[in-house]
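S.K.: Pasting a structure here, questions to come.
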Amino acid sequence: MAFAQKTEVLVVGAGPVGLLTAVMLAERGVDCWIIDRARRTNVRSYALALHPQTLRMLDDIGLLEPVLKQANLLRRTSFYEGSTERLIIDYDKLDVRHPYIAVLPQSALEAVLEERLRQKGIEVRWQHELIELDLGSPDHATATIHHTGDAPQGYPVLDIQPMVLGRRTVKARYVIGADGYHSTVRKVLEIPRVPCGNKMYFSLYEFESTQDVGSEMRIVASDGMLSVLWPLPGGWCRWAFGIANPGEHNSSLDQLRRLVGERAPWFSGLPLEIGWAACVRFEPYRLDTFGSGRVWLTGDAAHLSSPLGVHSMNVAFHEGHDLASRIFEILRNSVPEDILLAYSSSRRREWQALLDPQQIEVGPAASSWTRVNAHRIVPSIPAAGRDLAALLAQVGVTIRDL
């Protein structure tokens, strides 16, 4: 074997969850590598909202100010059926430091996190792909990594094709897989996904609104589908319309007008042109175990939920914080490695509570609309843990084991 480099923790995946996990390790003085097969952070923001719990975490490490400078703050979530407002959830009633949702482009958040890593002397190794993970050693995992790049090929017309520029071997005490839904790290561990609902498709439209969309997230229930209006910074907004299948997606302005007219007739901020449109798919799932031995999972590599509540990213931030704390205790204070098993069990319980409709209880004070729609309300609220419990209590809903 060629000379192997060493690190205490290898983080695979440099999306928001991987970056924050690496930041939490670096804040504790843990040596880490972070790699990603992409060229750079995402230009388009799929996950765009930060929960109050996440804002507290960013505040604790001194990163809240640069995030809030680029964010739009939302203080209410409301549910509609057509023009009728059915439910209001008020974040101002939370007894927390930051009683609001912060909405900003995913790329802006990633830039803040990557800059903190640079300050700590850690560079994200972009275009570095995990190819193989050897778990045969009792005290480390051995990762084979390809450094890829683009190279011109063809004559007389040049075509840019990816190619392997180099290969390296890295020995890490621990590996954290934050490499998304198609996680290579999870595949190495051979942990099966547990489906938690049907596939969901959304037509996304981002544009500069011609009306003030305010500081309220609005969710619309229509014919069994949920749609959401996100007010973005700078007067922009995003509509995400639930659709039955990807064949229904259309990026045209006419389609946007039709969907708004059918589902949200109260919205009058339609643009003359669309800035960006896309169709996205979500397949909710969780794992029964979040890793073993030297290798642990977080983020979309371990779970996926409805995009409305943005739970997958925000709950995973807490997971990354938790993992970093436990690994620090093992490496620096000789705490037994069994504490990582507790990480797995606590994360499993949390996702069972979030994704299982049988965990939802509706109290006598809830409205009749809430009783019928509680299974859709819970995964649509951007909050987690005690914050989510407090917000749901406003409308007479609780979650067992949360």
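Order determines the names: the first chain of the structure tokens is A, the second B, and so forth; residues in each chain are numbered 1 upward, and ligands are numbered 1 upward as they are shown.
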Need to verify the contact set: Trp126 (chain A), 9 Å, only C-alpha atoms, exclusion of same-chain residues closer than 2 positions in sequence. Can you return it as a count of residues only?
M.R.: 15
S.K.: Got a sec: who's within 9 Å of region 95-107 of chain A, counting only C-alpha atoms, leaving out chain neighbours fewer than 3 positions off, as number ranges by chain?
M.R.: A: 15-16, 41-53, 55-56, 67-68, 70-76, 90-92, 110-112, 230-233, 382-383, 387
S.K.: Figure out the distance between CA of Pro195 (chain A) and CA of Ala141 (chain A), please, to one decimal in Å.
M.R.: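 Result for CA of Ala141 (chain A) versus CA of Pro195 (chain A): 29.1 Å, one decimal.
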S.K.: Please identify all polymer residues within 12 Å of Pro265 (chain A), counting only C-alpha atoms, omitting same-chain residues fewer than 2 positions from it, and present them as a list of chain:residue names.
M.R.: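 Listing them by chain and then by number gives A:Tyr80, A:Glu81, A:Gly82, A:Ser83, A:Thr84, A:Val220, A:Ser222, A:Arg257, A:Arg258, A:Leu259, A:Val260, A:Gly261, A:Glu262, A:Arg263, A:Phe267, A:Ser268, A:Gly269, A:Leu270.
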S.K.: Return the single residue from A:Ser380, A:Gln255, A:Thr142, A:Thr370 that is closest to Val397 (chain A), with distances computed using only C-alpha atoms.
M.R.: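 With only C-alpha atoms as the atom set, the closest residue is A:Thr370.
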